[in-house]
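Data block below; observations after.
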Amino acid sequence: MKRIVTLVVQNRSGVLNRVTGLMHKRQFNIESISVGRTEQEGISKMTFVVDVEDHRKMEQLTKQLNKQIDVIKVTDLSDKAVVARELAMIKIVANPGTRNEIQGIIEPFRASVIDVSKDSLSVQVTGKPDKIEALIDLLRPYGIKDIARTGLTAFSRGHQPQAAELTQYSLLK
């Protein structure tokens with residue numbers, strides 16, 4: 001089962017290495033990592049999507065992460081209503097004859113063209129991972145030259161619905 005875990009950490013050298021090293025030692029597969037500074041000086045937020053078999057292993061991981069010296073807070077967002085997004089930039093083989101077709105494909109995804117050259121077109125798209133995968137699948141027949149993805153970033157919604165409401169917000173289950 002894929003789980004979303006966020007860590008608020010001191011923005012110091014080596015913190016990411018220690019956190020990923022701990023996950024590696026415990027044999028957690030990291031699907032994606034997103035790291036960035038927060039509104040507080042010297043504080044960063046890490047968002048991990050990890051593959052965890054059972055609830056007990058997730059509890060163990062949370063406890064071990066909380067013991068890390070530079071970790072301020074660990075939150076498992078998996079069972080909460082969240083706002084989560086990923087950014088992808090995709091460079092596609094495109095000549096003047098296929099550009100209009102590609103524009104028609106990316107428009108419903110609210111993707112935008114960020115670069116045009118003689119033989120390629122670059123687009124950016126944000127959204128849930130399945131939305132990005134769907135766009136990539138549609139663009140693949142044109143020829144994808146390059147893809148850069150940020151990994152999922154997330155935080156909990158302001159209102160936390162009851163358990164029955166949570167299924168409509170599920171991202172990774």
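Please note that chains go A, B, ... in the order of the structure tokens, that every chain numbers its residues from 1, and that ligands are numbered from 1 in the order shown.
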Could you give me, as a Markdown table, every stretch 115-156 of chain A residue with an atom at most 7 Å from stretch 42-62 of chain A, plus its closest atom pair and distance in Å to one decimal, counting only C-alpha atoms, rows ordered by chain then number?
```
| residue | atom | partner | partner_atom | distance |
| --- | --- | --- | --- | --- |
| A:Leu152 | CA | A:Thr47 | CA | 7.0 |
| A:Thr153 | CA | A:Thr47 | CA | 5.6 |
| A:Ala154 | CA | A:Thr47 | CA | 6.9 |
```
Which parts of stretch 5-169 of chain A does DSSP call strand (DSSP E or B) when run on the backbone here, written out as a ChimeraX atom specification? /A:5-10,29-37,43-51,71-76,82-93,112-116,120-127,144-149,153-156
Notebook entry, point to check: Within 12 Å of stretch 103-117 of chain A, counting only C-alpha atoms, which residues qualify if same-chain residues fewer than 3 places away don't, as a PyMOL selection string?
Noted result: chain A and resi 87-100+120-128+130-142
Would you write out, as CSV, a table of all residues in stretch 72-97 of chain A that have an atom no more than 12 Å from an atom of stretch 10-30 of chain A, listing for each the closest atom pair and the distance in Å to one decimal, considering only C-alpha atoms and ordering rows by chain and rising residue number?
```
residue,atom,partner,partner_atom,distance
A:Ile72,CA,A:Gln10,CA,7.1
A:Lys73,CA,A:Gln10,CA,10.1
A:Val74,CA,A:Val19,CA,11.4
```
Worksheet item: Quick one: DSSP helix (DSSP H, G or I) residues in stretch 80-128 of chain A, as a list in words?
Response: Arg99, Asn100, Glu101, Ile102, Gln103, Gly104, Ile105, Ile106, Glu107, Pro108 and Phe109 of chain A
Please write the residues from the selection above to a file, keeping N, CA and C atoms, as a compact mmCIF listing (two decimals), in the first residue's frame.
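Writing the result to out-v3.txt gives the following:
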```txt
# COMPACT_ATOMS: atom_id res chain seq x y z
N ARG A 99 1.94 20.11 -34.06
CA ARG A 99 1.80 21.00 -32.90
C ARG A 99 0.34 21.26 -32.53
N ASN A 100 -0.51 21.47 -33.53
CA ASN A 100 -1.94 21.72 -33.24
C ASN A 100 -2.60 20.48 -32.62
N GLU A 101 -2.24 19.30 -33.11
CA GLU A 101 -2.76 18.06 -32.53
C GLU A 101 -2.37 17.94 -31.06
N ILE A 102 -1.10 18.18 -30.79
CA ILE A 102 -0.59 18.09 -29.42
C ILE A 102 -1.29 19.12 -28.53
N GLN A 103 -1.48 20.32 -29.04
CA GLN A 103 -2.17 21.37 -28.28
C GLN A 103 -3.58 20.90 -27.92
N GLY A 104 -4.25 20.23 -28.84
CA GLY A 104 -5.59 19.71 -28.57
C GLY A 104 -5.59 18.63 -27.50
N ILE A 105 -4.51 17.86 -27.43
CA ILE A 105 -4.41 16.81 -26.41
C ILE A 105 -4.15 17.40 -25.03
N ILE A 106 -3.27 18.39 -24.95
CA ILE A 106 -2.88 18.90 -23.63
C ILE A 106 -3.92 19.84 -23.02
N GLU A 107 -4.75 20.46 -23.85
CA GLU A 107 -5.72 21.44 -23.36
C GLU A 107 -6.66 20.92 -22.28
N PRO A 108 -7.30 19.74 -22.45
CA PRO A 108 -8.19 19.25 -21.39
C PRO A 108 -7.47 18.95 -20.06
N PHE A 109 -6.16 18.77 -20.12
CA PHE A 109 -5.38 18.49 -18.91
C PHE A 109 -4.91 19.78 -18.23
```
Legend entry - Non-local contacts of A:Val82 (8 Å; only C-alpha atoms; under 6 positions in same chain excluded) as a list in words: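 Near neighbours after the sequence-gap exclusion: Ala154, Phe155, Ser156, Arg157 and Tyr169 of chain A.
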Go ahead and dump the residues you just picked, C-alpha atoms, as an mmCIF file, in the first residue's frame.
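Here's the written file part-v5.cif:
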```cif
data_model
loop_
_atom_site.group_PDB
_atom_site.id
_atom_site.type_symbol
_atom_site.label_atom_id
_atom_site.label_comp_id
_atom_site.auth_asym_id
_atom_site.auth_seq_id
_atom_site.Cartn_x
_atom_site.Cartn_y
_atom_site.Cartn_z
ATOM 1 C CA ALA A 154 0.881 17.291 -0.133
ATOM 2 C CA PHE A 155 -0.700 18.656 3.001
ATOM 3 C CA SER A 156 -3.924 17.938 4.845
ATOM 4 C CA ARG A 157 -7.101 19.811 3.977
ATOM 5 C CA TYR A 169 -10.336 12.075 -1.559
#
```
* To do: Enter the distance from atom CA of A:Ile144 to atom CA of A:Met1, in Å, rounded to one decimal.
  =>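 Atom-to-atom, atom CA of A:Ile144 to atom CA of A:Met1, that is 29.7 Å.
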